[in-house]
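Printed here is run_6.cif (mmCIF, C-alpha atoms and all ligand atoms):
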data_final
#
loop_
_atom_site.label_atom_id
_atom_site.label_comp_id
_atom_site.auth_asym_id
_atom_site.auth_seq_id
_atom_site.Cartn_x
_atom_site.Cartn_y
_atom_site.Cartn_z
CA MET A 277 -61.60 10.49 -10.08
CA PHE A 278 -64.70 12.22 -11.35
CA ARG A 279 -65.98 14.65 -8.77
CA ARG A 280 -69.72 15.24 -8.74
CA ARG A 281 -70.63 18.85 -9.30
CA SER A 282 -72.35 19.13 -5.92
CA ASP A 283 -69.05 18.23 -4.23
CA SER A 284 -67.19 21.12 -5.73
CA LEU A 285 -67.49 24.56 -4.23
CA ILE A 286 -68.02 27.79 -6.10
CA GLY A 287 -64.94 29.96 -5.73
CA LEU A 288 -66.34 33.42 -5.01
CA ASP A 289 -63.87 36.31 -5.05
CA ILE A 290 -65.45 39.51 -3.75
CA GLY A 291 -63.01 42.15 -4.97
CA SER A 292 -63.41 45.87 -4.47
CA SER A 293 -64.18 46.48 -8.17
CA SER A 294 -65.84 43.23 -9.24
CA VAL A 295 -67.13 39.85 -8.12
CA LYS A 296 -65.74 36.71 -9.73
CA ALA A 297 -67.38 33.29 -9.43
CA LEU A 298 -65.94 30.08 -10.81
CA GLN A 299 -66.55 26.37 -10.57
CA PHE A 300 -64.41 23.45 -11.71
CA SER A 301 -65.14 19.79 -12.02
CA SER A 302 -62.40 17.21 -12.09
CA ASP A 303 -62.63 15.15 -15.27
CA THR A 304 -60.17 12.23 -15.36
CA GLY A 305 -57.84 14.06 -13.01
CA ARG A 306 -57.71 17.23 -15.06
CA LEU A 307 -59.52 20.35 -13.93
CA LYS A 308 -62.41 21.27 -16.18
CA LEU A 309 -63.97 24.70 -16.14
CA GLU A 310 -67.72 24.34 -15.50
CA HIS A 311 -68.81 27.93 -14.87
CA ALA A 312 -67.23 31.35 -14.75
CA ALA A 313 -68.73 34.80 -14.16
CA LEU A 314 -67.24 38.26 -13.74
CA VAL A 315 -69.58 41.05 -12.64
CA GLY A 316 -68.53 44.66 -11.99
CA ILE A 317 -69.58 46.34 -8.74
CA GLU A 318 -71.49 49.45 -9.77
CA SER A 319 -71.23 51.41 -6.54
CA ASN A 320 -73.59 54.32 -6.10
CA GLY A 321 -72.11 55.18 -2.72
CA ASN A 322 -73.46 52.07 -0.98
CA TRP A 323 -70.68 49.52 -1.54
CA ARG A 324 -72.42 46.74 0.41
CA ASP A 325 -75.67 46.89 -1.60
CA ALA A 326 -73.78 47.17 -4.88
CA THR A 327 -71.61 44.19 -3.91
CA ALA A 328 -74.63 42.11 -2.89
CA LYS A 329 -76.17 42.83 -6.29
CA ALA A 330 -72.99 41.80 -8.10
CA ILE A 331 -72.86 38.57 -6.03
CA HIS A 332 -76.48 37.78 -6.98
CA ASP A 333 -75.74 38.43 -10.66
CA ALA A 334 -72.57 36.31 -10.64
CA ILE A 335 -74.21 33.38 -8.81
CA SER A 336 -77.28 33.46 -11.06
CA GLN A 337 -74.93 32.97 -14.03
CA ILE A 338 -73.46 29.90 -12.33
CA GLY A 339 -76.70 28.05 -11.55
CA LYS A 340 -78.42 26.75 -8.47
CA TYR A 341 -75.31 26.10 -6.34
CA ARG A 342 -75.23 27.70 -2.91
CA GLU A 343 -72.04 26.46 -1.25
CA VAL A 344 -69.10 28.79 -1.73
CA ALA A 345 -65.47 29.28 -0.79
CA ALA A 346 -64.75 32.98 -0.24
CA SER A 347 -61.81 34.96 1.05
CA VAL A 348 -60.51 38.06 2.81
CA ALA A 349 -57.39 40.16 2.17
CA GLY A 350 -55.64 43.39 3.06
CA PRO A 351 -54.57 45.06 6.30
CA SER A 352 -56.93 42.97 8.45
CA VAL A 353 -55.12 39.75 7.49
CA ALA A 354 -51.60 38.62 8.46
CA VAL A 355 -49.75 35.53 7.24
CA ARG A 356 -46.46 34.76 9.00
CA HIS A 357 -43.80 32.07 8.97
CA LEU A 358 -43.13 30.79 12.48
CA ARG A 359 -40.35 28.40 13.42
CA PHE A 360 -40.39 26.04 16.39
CA PRO A 361 -38.41 23.13 17.70
CA ARG A 362 -40.27 19.82 17.33
CA LEU A 363 -43.39 20.02 19.51
CA SER A 364 -46.37 17.80 20.25
CA PRO A 365 -49.68 18.99 18.70
CA ASP A 366 -50.84 20.35 22.08
CA GLU A 367 -47.55 22.12 22.73
CA LEU A 368 -47.71 23.59 19.24
CA LYS A 369 -51.18 25.06 19.84
CA GLY A 370 -49.98 26.86 22.96
CA ALA A 371 -46.75 28.01 21.32
CA LEU A 372 -48.67 29.34 18.32
CA TRP A 373 -50.83 31.48 20.57
CA TRP A 374 -47.83 33.11 22.26
CA GLU A 375 -45.64 33.40 19.17
CA GLY A 376 -48.53 34.52 16.99
CA ALA A 377 -49.28 37.34 19.42
CA GLN A 378 -45.70 38.62 18.95
CA VAL A 379 -45.76 38.77 15.16
CA ILE A 380 -49.22 39.99 14.18
CA PRO A 381 -50.33 43.61 14.41
CA PHE A 382 -53.61 42.70 16.13
CA ASP A 383 -54.86 41.60 19.52
CA MET A 384 -55.19 37.79 19.50
CA GLU A 385 -58.72 38.14 20.96
CA ASP A 386 -59.82 40.01 17.83
CA VAL A 387 -58.67 37.49 15.21
CA PHE A 388 -59.52 34.06 13.89
CA THR A 389 -56.35 32.05 13.45
CA ASP A 390 -55.34 29.04 11.43
CA PHE A 391 -52.05 27.35 10.68
CA GLN A 392 -50.39 24.82 8.44
CA VAL A 393 -47.29 22.83 9.30
CA MET A 394 -44.98 22.92 6.31
CA GLY A 395 -42.68 20.13 5.15
CA ASN A 396 -39.25 20.24 6.79
CA ARG A 397 -36.15 20.76 4.76
CA GLU A 398 -33.72 17.88 4.55
CA ASN A 399 -31.52 17.43 7.61
CA GLU A 400 -33.67 19.77 9.65
CA THR A 401 -36.05 17.30 11.17
CA GLU A 402 -35.68 18.97 14.55
CA ARG A 403 -37.40 22.08 13.29
CA LEU A 404 -41.05 22.80 12.65
CA ASP A 405 -41.96 25.40 10.02
CA VAL A 406 -45.48 26.74 10.39
CA LEU A 407 -47.49 29.11 8.22
CA PHE A 408 -49.63 31.07 10.66
CA VAL A 409 -52.70 33.00 9.48
CA ALA A 410 -54.70 35.58 11.43
CA ALA A 411 -57.72 37.49 10.14
CA ALA A 412 -59.79 40.12 11.96
CA LYS A 413 -62.98 38.52 13.30
CA GLN A 414 -65.01 41.55 12.29
CA VAL A 415 -63.94 41.35 8.65
CA VAL A 416 -64.51 37.58 8.44
CA ASN A 417 -67.91 37.84 10.16
CA ASP A 418 -68.93 40.70 7.85
CA ARG A 419 -68.05 38.59 4.84
CA ILE A 420 -70.00 35.62 6.19
CA SER A 421 -73.09 37.73 6.90
CA LEU A 422 -72.94 39.32 3.43
CA LEU A 423 -72.80 35.86 1.84
CA ARG A 424 -75.68 34.57 3.98
CA GLU A 425 -77.76 37.66 3.12
CA CYS A 426 -77.19 36.66 -0.50
CA GLY A 427 -78.60 33.20 0.25
CA LEU A 428 -75.19 31.49 0.07
CA GLU A 429 -73.52 29.07 2.44
CA PRO A 430 -69.84 29.89 3.05
CA ARG A 431 -68.05 26.55 3.56
CA VAL A 432 -64.51 27.94 3.47
CA ILE A 433 -63.13 31.41 4.26
CA ASP A 434 -59.61 31.64 2.86
CA VAL A 435 -57.08 34.40 2.25
CA ASP A 436 -56.66 35.84 -1.29
CA SER A 437 -52.91 35.25 -1.55
CA LEU A 438 -53.14 31.68 -0.24
CA ALA A 439 -55.89 30.93 -2.77
CA ILE A 440 -53.69 32.31 -5.57
CA LEU A 441 -50.73 30.29 -4.35
CA ASN A 442 -52.89 27.17 -4.20
CA CYS A 443 -54.03 27.76 -7.78
CA PHE A 444 -50.47 28.37 -9.01
CA LEU A 445 -49.05 25.27 -7.32
CA GLU A 446 -51.86 23.04 -8.67
CA THR A 447 -51.92 24.35 -12.23
CA VAL A 448 -48.35 25.52 -12.95
CA GLY A 449 -46.07 24.35 -10.13
CA ILE A 450 -42.45 25.31 -9.45
CA ARG A 451 -40.62 22.20 -10.65
CA GLY A 452 -37.13 23.29 -9.66
CA ASN A 453 -37.50 26.74 -11.26
CA GLY A 454 -37.97 28.64 -8.02
CA PRO A 455 -38.12 30.77 -6.15
CA VAL A 456 -40.95 32.41 -8.07
CA ALA A 457 -42.95 35.50 -7.15
CA ILE A 458 -46.66 35.54 -7.92
CA LEU A 459 -48.25 38.95 -8.12
CA ASN A 460 -51.98 39.65 -8.36
CA ILE A 461 -52.50 43.37 -9.00
CA GLY A 462 -56.15 44.28 -8.48
CA ALA A 463 -57.93 47.56 -7.76
CA ARG A 464 -57.35 48.17 -4.05
CA LEU A 465 -54.40 45.91 -3.35
CA THR A 466 -51.65 43.70 -4.72
CA ASN A 467 -51.28 40.16 -3.38
CA LEU A 468 -47.70 38.86 -3.33
CA ALA A 469 -46.55 35.28 -2.75
CA ILE A 470 -42.91 34.17 -3.01
CA VAL A 471 -42.46 30.43 -3.01
CA ASN A 472 -39.95 27.70 -3.69
CA ASP A 473 -40.06 23.90 -3.70
CA ASN A 474 -40.18 22.52 -0.14
CA SER A 475 -40.11 25.84 1.63
CA THR A 476 -42.52 28.04 3.55
CA PRO A 477 -44.00 30.74 1.29
CA PHE A 478 -43.68 34.43 1.99
CA ILE A 479 -47.06 36.16 1.77
CA ARG A 480 -47.83 39.85 1.80
CA ASP A 481 -50.52 42.28 0.59
CA ILE A 482 -49.30 45.65 -0.66
CA MET A 483 -51.89 48.42 -0.49
CA THR A 484 -51.05 49.86 -3.91
CA ALA A 485 -52.91 48.81 -7.05
CA GLY A 486 -55.11 49.92 -9.96
CA ASN A 487 -57.14 52.48 -7.98
CA ASP A 488 -53.94 54.36 -7.13
CA PHE A 489 -52.97 54.45 -10.80
CA SER A 490 -56.42 55.82 -11.79
CA GLN A 491 -56.23 58.31 -8.92
CA ALA A 492 -52.87 59.54 -10.25
CA VAL A 493 -54.47 60.15 -13.68
CA ALA A 494 -57.45 61.90 -12.03
CA GLU A 495 -55.13 64.22 -10.06
CA ALA A 496 -52.80 65.00 -12.96
CA MET A 497 -55.68 65.74 -15.36
CA ASP A 498 -57.96 67.29 -12.72
CA ILE A 499 -60.83 64.98 -13.69
CA PRO A 500 -63.16 62.80 -11.56
CA PHE A 501 -61.94 59.30 -10.63
CA PRO A 502 -64.53 57.39 -12.76
CA GLN A 503 -63.45 59.32 -15.84
CA ALA A 504 -59.77 58.60 -15.14
CA GLU A 505 -60.63 54.93 -14.59
CA ARG A 506 -62.38 54.81 -17.97
CA LEU A 507 -59.47 56.48 -19.75
CA LYS A 508 -56.99 54.10 -18.10
CA THR A 509 -58.92 50.96 -19.07
CA GLU A 510 -60.32 51.99 -22.47
CA GLU A 511 -58.35 54.87 -23.96
CA ILE A 512 -54.89 54.73 -22.48
CA ARG A 513 -53.39 56.51 -25.51
CA SER A 514 -55.46 59.61 -24.82
CA ILE A 515 -53.85 60.14 -21.38
CA PRO A 516 -51.35 63.04 -21.62
CA SER A 517 -47.72 62.35 -20.81
CA HIS A 518 -47.64 64.30 -17.51
CA ALA A 519 -50.49 62.05 -16.23
CA VAL A 520 -48.75 58.91 -17.52
CA ASP A 521 -45.61 60.06 -15.65
CA LEU A 522 -47.53 60.40 -12.37
CA MET A 523 -49.13 57.00 -12.90
CA GLU A 524 -45.70 55.49 -13.58
CA SER A 525 -44.31 57.00 -10.40
CA LYS A 526 -47.06 55.15 -8.46
CA ILE A 527 -46.15 51.93 -10.29
CA ARG A 528 -42.49 52.49 -9.36
CA GLY A 529 -43.63 52.89 -5.74
CA LEU A 530 -45.25 49.45 -5.97
CA ILE A 531 -42.06 48.02 -7.50
CA GLU A 532 -40.02 49.46 -4.59
CA GLU A 533 -42.30 47.58 -2.19
CA LEU A 534 -41.64 44.42 -4.21
CA THR A 535 -37.88 44.96 -4.08
CA GLY A 536 -38.12 45.38 -0.30
CA SER A 537 -40.11 42.15 0.00
CA PHE A 538 -37.65 40.25 -2.22
CA LYS A 539 -34.75 41.44 -0.02
CA TYR A 540 -36.63 40.43 3.12
CA TYR A 541 -37.30 36.98 1.62
CA GLN A 542 -33.61 36.58 0.77
CA ALA A 543 -32.46 37.65 4.20
CA LYS A 544 -35.07 36.02 6.45
CA GLU A 545 -35.94 32.92 4.50
CA ALA A 546 -32.49 32.44 2.96
CA GLY A 547 -34.52 31.79 -0.14
CA GLY A 548 -32.55 33.56 -2.86
CA GLU A 549 -33.96 36.07 -5.29
CA PRO A 550 -37.08 35.08 -7.26
CA LYS A 551 -36.07 33.88 -10.72
CA THR A 552 -39.37 34.66 -12.41
CA VAL A 553 -42.34 36.88 -11.63
CA PHE A 554 -45.81 35.61 -12.60
CA LEU A 555 -48.20 38.49 -13.06
CA THR A 556 -51.99 38.32 -12.87
CA GLY A 557 -55.00 40.47 -11.85
CA GLY A 558 -57.12 43.05 -13.65
CA THR A 559 -54.36 45.64 -13.68
CA THR A 560 -52.22 43.46 -15.98
CA GLY A 561 -54.41 45.05 -18.69
CA LEU A 562 -52.09 48.11 -18.44
CA PRO A 563 -50.00 47.71 -21.61
CA TYR A 564 -46.56 48.64 -20.27
CA LEU A 565 -46.87 47.27 -16.75
CA ARG A 566 -45.12 44.00 -17.49
CA SER A 567 -42.07 45.55 -19.19
CA LEU A 568 -41.79 48.25 -16.51
CA ILE A 569 -41.74 45.66 -13.72
CA SER A 570 -39.32 43.46 -15.66
CA ASP A 571 -36.91 46.35 -16.40
CA GLU A 572 -36.98 47.71 -12.86
CA LEU A 573 -36.53 44.33 -11.17
CA GLY A 574 -34.18 42.97 -13.84
CA LEU A 575 -36.20 39.74 -13.87
CA PRO A 576 -38.33 37.90 -16.43
CA VAL A 577 -42.03 38.66 -15.90
CA ARG A 578 -44.66 36.31 -17.34
CA LEU A 579 -48.35 37.08 -17.66
CA TRP A 580 -50.21 34.26 -15.96
CA ASN A 581 -53.74 33.33 -16.96
CA PRO A 582 -54.85 30.92 -14.20
CA LEU A 583 -57.28 29.21 -16.61
CA GLU A 584 -54.58 28.40 -19.18
CA ASN A 585 -54.10 24.80 -18.04
CA ALA A 586 -57.75 23.97 -17.33
CA LYS A 587 -59.79 21.85 -19.70
CA ILE A 588 -62.25 24.12 -21.42
CA ASP A 589 -65.29 23.26 -23.53
CA HIS A 590 -64.92 25.77 -26.33
CA GLY A 591 -68.55 25.26 -27.31
CA GLU A 592 -69.43 26.85 -23.96
CA PHE A 593 -66.59 29.35 -23.46
CA ASP A 594 -64.87 30.86 -26.46
CA GLN A 595 -61.15 31.58 -26.53
CA PRO A 596 -61.43 35.42 -26.41
CA PHE A 597 -63.74 35.20 -23.35
CA ILE A 598 -61.22 33.02 -21.49
CA ARG A 599 -58.37 35.34 -22.49
CA GLU A 600 -60.36 38.34 -21.31
CA ILE A 601 -61.56 37.02 -17.93
CA GLY A 602 -58.54 34.82 -17.12
CA PRO A 603 -56.35 37.52 -15.53
CA PHE A 604 -59.18 38.40 -13.11
CA MET A 605 -59.75 34.82 -11.98
CA ALA A 606 -56.74 33.68 -9.92
CA VAL A 607 -58.37 34.11 -6.49
CA ALA A 608 -61.71 32.59 -7.59
CA ALA A 609 -59.89 29.65 -9.22
CA GLY A 610 -57.80 29.02 -6.10
CA LEU A 611 -60.95 29.14 -3.96
CA ALA A 612 -62.80 26.79 -6.31
CA LEU A 613 -60.00 24.24 -5.75
CA ARG A 614 -60.70 24.09 -2.02
CA LYS A 615 -62.37 20.91 -0.87
CA ASN A 616 -65.87 21.10 0.55
CA PRO A 617 -65.14 20.21 4.20
N1 LIG B 701 -57.61 47.06 -19.63
C1 LIG B 701 -57.21 47.48 -18.44
N2 LIG B 701 -56.14 48.28 -18.34
C2 LIG B 701 -55.70 48.73 -17.14
N3 LIG B 701 -56.27 48.40 -15.96
C3 LIG B 701 -57.35 47.59 -16.01
C4 LIG B 701 -57.88 47.09 -17.23
N4 LIG B 701 -58.97 46.33 -16.95
C5 LIG B 701 -59.12 46.37 -15.60
N5 LIG B 701 -58.16 47.12 -15.04
C6 LIG B 701 -57.98 47.45 -13.61
O1 LIG B 701 -58.01 46.25 -12.89
C7 LIG B 701 -58.47 46.52 -11.55
C8 LIG B 701 -59.46 45.46 -11.17
O2 LIG B 701 -58.76 44.24 -11.08
P1 LIG B 701 -59.28 43.05 -10.19
O3 LIG B 701 -60.62 42.63 -10.64
O4 LIG B 701 -58.21 42.03 -10.16
O5 LIG B 701 -59.43 43.79 -8.77
P2 LIG B 701 -60.43 43.46 -7.59
O6 LIG B 701 -60.29 42.00 -7.28
O7 LIG B 701 -61.82 43.91 -7.88
O8 LIG B 701 -59.86 44.38 -6.46
P3 LIG B 701 -59.10 44.07 -5.07
O9 LIG B 701 -58.86 42.61 -4.96
O10 LIG B 701 -57.82 44.85 -5.17
O11 LIG B 701 -60.03 44.59 -4.05
C9 LIG B 701 -59.07 47.93 -11.59
O12 LIG B 701 -58.19 48.83 -10.94
C10 LIG B 701 -59.14 48.24 -13.07
O13 LIG B 701 -58.94 49.62 -13.34
MG MG B 702 -58.88 40.98 -6.10
#
Please, can you express the file's structure as structure tokens?
Amino acid sequence: MFRRRSDSLIGLDIGSSSVKALQFSSDTGRLKLEHAALVGIESNGNWRDATAKAIHDAISQIGKYREVAASVAGPSVAVRHLRFPRLSPDELKGALWWEGAQVIPFDMEDVFTDFQVMGNRENETERLDVLFVAAAKQVVNDRISLLRECGLEPRVIDVDSLAILNCFLETVGIRGNGPVAILNIGARLTNLAIVNDNSTPFIRDIMTAGNDFSQAVAEAMDIPFPQAERLKTEEIRSIPSHAVDLMESKIRGLIEELTGSFKYYQAKEAGGEPKTVFLTGGTTGLPYLRSLISDELGLPVRLWNPLENAKIDHGEFDQPFIREIGPFMAVAAGLALRKNP
């Protein structure tokens, strides 16, 4: 059914290096890209002001819409799989409070929580699988106040990795080819989701990403971070081999974290090893990242542009623009798919 524009939210991804804003409409059941903006955060030491400016710029490119879906990520967020016997909704609420307190690294008083009951596997109707989400109140409230200061109305606050997963399941899907691992490598962190048909996803943020790779270049070459960042993104061939080696050792560190997570998924979720890795995020611009991850993990790695299956008016967005911004857009696209409550 055709969804009026005012019913669809702007997906607003406030990353540490840039702000992404995106809006879809649903045209005869197929997602159509209406608006997309990607604005770098030019921090002069005051990250909040610079971010507010980038939000203003991104939203002004989108139009007059004010209602947004935004997200949080990183160490102040925990997503856990909890398992219960069949319980009534009231019993479940109580059980979640006690069980949640055992598995998250925060005090329950300091977090907002949410949960989703997942579909049961066949023959296991006596069991309840729940995806439990906790996010630090302070971080969520900060995000909400930043958005309101920018004149926006946050209608949904989601979690980066769940937004990415949502986008992947709606636009690509698993279709018997799972488990798959979806990896969004940004500037500050890497979002990981491992998922299979009819099972509870495994979600984790790894605090290694593009900034660490630039920092490695800065250290090895004894140059300031912004200069290393520019070399990494624009003149990778001019980086000397000893700096490339240090950067690669950081990437291998990230891959070790992935291997650990894959093993955990196999052991705890009895889910098997991921068959394919889908790679997205700004850092996929690193030319050899994909082959390095594929070689080290011994798995096929596919670059995933979350806009590849959307309907796109090429009079409005040309192909190179979509190719260029696509890898940055997975969180914003997943957020834009959320329903306006
Ligand atoms: N061509 C390129 N080659 C290598 N790295 C790139 C390239 N273009 C962008 N990057 C890196 O991508 C990262 C930004 O990606 P992204 O926009 O996904 O992160 P973010 O959402 O702002 O950050 P986070 O979510 O981690 O806070 C930066 O580290 C940047 O250096
Ligand atoms: Mg990001």
Around ligand LIG 701 (chain B), which protein and nucleic acid residues have at least one atom no more than 7 Å from it, if we count all atoms listed in the file? List them as a list of chain:residue names. A:Ile290, A:Gly291, A:Ser292, A:Ser293, A:Ser294, A:Val295, A:Asn460, A:Ile461, A:Gly462, A:Ala463, A:Arg464, A:Leu465, A:Thr466, A:Ala485, A:Gly486, A:Asn487, A:Ser490, A:Glu505, A:Lys508, A:Thr509, A:Glu510, A:Gly557, A:Gly558, A:Thr559, A:Thr560, A:Gly561, A:Leu562, A:Pro563, A:Phe604
Can you pull out the residues contacting range 569-578 of chain A? Cut-off 10 Å, using only C-alpha atoms, and skip same-chain residues under 4 positions away; I want them as a list in words.
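Contacts, in chain order: Ala457, Ile458, Leu459, Ile527, Arg528, Leu530, Ile531, Glu532, Leu534, Thr535, Phe538, Glu549, Pro550, Lys551, Thr552, Val553, Phe554, Leu555, Thr556, Tyr564 and Leu565 of chain A.
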Using only C-alpha atoms, tabulate the residues of range 399-437 of chain A lying at most 8 Å from any atom of range 344-363 of chain A, each with its closest atom pair and that distance in Å to one decimal, by chain and increasing residue number, as a tab-separated table.
residue	atom	partner	partner_atom	distance
A:Thr401	CA	A:Arg362	CA	7.9
A:Glu402	CA	A:Arg362	CA	5.4
A:Arg403	CA	A:Pro361	CA	4.6
A:Leu404	CA	A:Phe360	CA	5.0
A:Asp405	CA	A:Arg359	CA	4.8
A:Val406	CA	A:Leu358	CA	5.1
A:Leu407	CA	A:His357	CA	4.8
A:Phe408	CA	A:Arg356	CA	5.1
A:Val409	CA	A:Val355	CA	4.5
A:Ala410	CA	A:Ala354	CA	5.3
A:Ala411	CA	A:Val353	CA	4.3
A:Ala412	CA	A:Ser352	CA	5.3
A:Val415	CA	A:Ser352	CA	7.2
A:Val416	CA	A:Val348	CA	6.9
A:Arg419	CA	A:Val348	CA	7.8
A:Leu428	CA	A:Val344	CA	6.9
A:Glu429	CA	A:Val344	CA	6.1
A:Pro430	CA	A:Val344	CA	5.0
A:Arg431	CA	A:Ala345	CA	5.7
A:Val432	CA	A:Ala345	CA	4.6
A:Ile433	CA	A:Ser347	CA	5.0
A:Asp434	CA	A:Ser347	CA	4.4
A:Val435	CA	A:Ser347	CA	4.9
A:Asp436	CA	A:Ala349	CA	5.6
A:Ser437	CA	A:Ala349	CA	7.6
query = Which of these residues is nearest to ligand MG 702 (chain B), using all atoms listed in the file: A:Glu600, A:Asp521, A:Glu367, A:Asp289?
reply =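 For ligand MG 702 (chain B), the nearest of the candidates is A:Asp289.
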### Query
What gap, in Å, lies between CA of Trp373 in chain A and CA of Lys413 in chain A?
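Computed distance, CA of Trp373 in chain A to CA of Lys413 in chain A, equals 15.8 Å.
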* Asked: With distances taken over all atoms listed in the file, which of A:Leu309, A:Leu468, A:Leu288, A:Val315 is nearest to Pro582 in chain A?
  ->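 Closest residue, counting all atoms listed in the file: A:Leu309.
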In Å and to one decimal, CA of Glu592 in chain A is distant from CA of Asn442 in chain A by 25.8 Å
Would you kindly place N, CA and C atoms on range 526-537 of chain A and return the model as an mmCIF file, in the frame of the given file?
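Output (rebuild_1.cif):
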data_model
loop_
_atom_site.group_PDB
_atom_site.id
_atom_site.type_symbol
_atom_site.label_atom_id
_atom_site.label_comp_id
_atom_site.auth_asym_id
_atom_site.auth_seq_id
_atom_site.Cartn_x
_atom_site.Cartn_y
_atom_site.Cartn_z
ATOM 1 N N LYS A 526 -46.332 56.020 -9.425
ATOM 2 C CA LYS A 526 -47.060 55.150 -8.460
ATOM 3 C C LYS A 526 -46.668 53.682 -8.701
ATOM 4 N N ILE A 527 -46.537 53.318 -9.982
ATOM 5 C CA ILE A 527 -46.150 51.930 -10.290
ATOM 6 C C ILE A 527 -44.733 51.662 -9.747
ATOM 7 N N ARG A 528 -43.852 52.664 -9.894
ATOM 8 C CA ARG A 528 -42.490 52.490 -9.360
ATOM 9 C C ARG A 528 -42.525 52.337 -7.832
ATOM 10 N N GLY A 529 -43.465 53.035 -7.192
ATOM 11 C CA GLY A 529 -43.630 52.890 -5.740
ATOM 12 C C GLY A 529 -43.989 51.451 -5.384
ATOM 13 N N LEU A 530 -44.875 50.857 -6.182
ATOM 14 C CA LEU A 530 -45.250 49.450 -5.970
ATOM 15 C C LEU A 530 -44.019 48.550 -6.166
ATOM 16 N N ILE A 531 -43.238 48.854 -7.205
ATOM 17 C CA ILE A 531 -42.060 48.020 -7.500
ATOM 18 C C ILE A 531 -41.033 48.126 -6.351
ATOM 19 N N GLU A 532 -40.923 49.316 -5.750
ATOM 20 C CA GLU A 532 -40.020 49.460 -4.590
ATOM 21 C C GLU A 532 -40.461 48.557 -3.441
ATOM 22 N N GLU A 533 -41.781 48.492 -3.241
ATOM 23 C CA GLU A 533 -42.300 47.580 -2.190
ATOM 24 C C GLU A 533 -41.927 46.137 -2.512
ATOM 25 N N LEU A 534 -41.999 45.789 -3.802
ATOM 26 C CA LEU A 534 -41.640 44.420 -4.210
ATOM 27 C C LEU A 534 -40.166 44.158 -3.922
ATOM 28 N N THR A 535 -39.320 45.127 -4.302
ATOM 29 C CA THR A 535 -37.880 44.960 -4.080
ATOM 30 C C THR A 535 -37.612 44.737 -2.599
ATOM 31 N N GLY A 536 -38.290 45.529 -1.744
ATOM 32 C CA GLY A 536 -38.120 45.380 -0.300
ATOM 33 C C GLY A 536 -38.525 43.979 0.160
ATOM 34 N N SER A 537 -39.634 43.484 -0.385
ATOM 35 C CA SER A 537 -40.110 42.150 0.000
ATOM 36 C C SER A 537 -39.144 41.066 -0.491
#
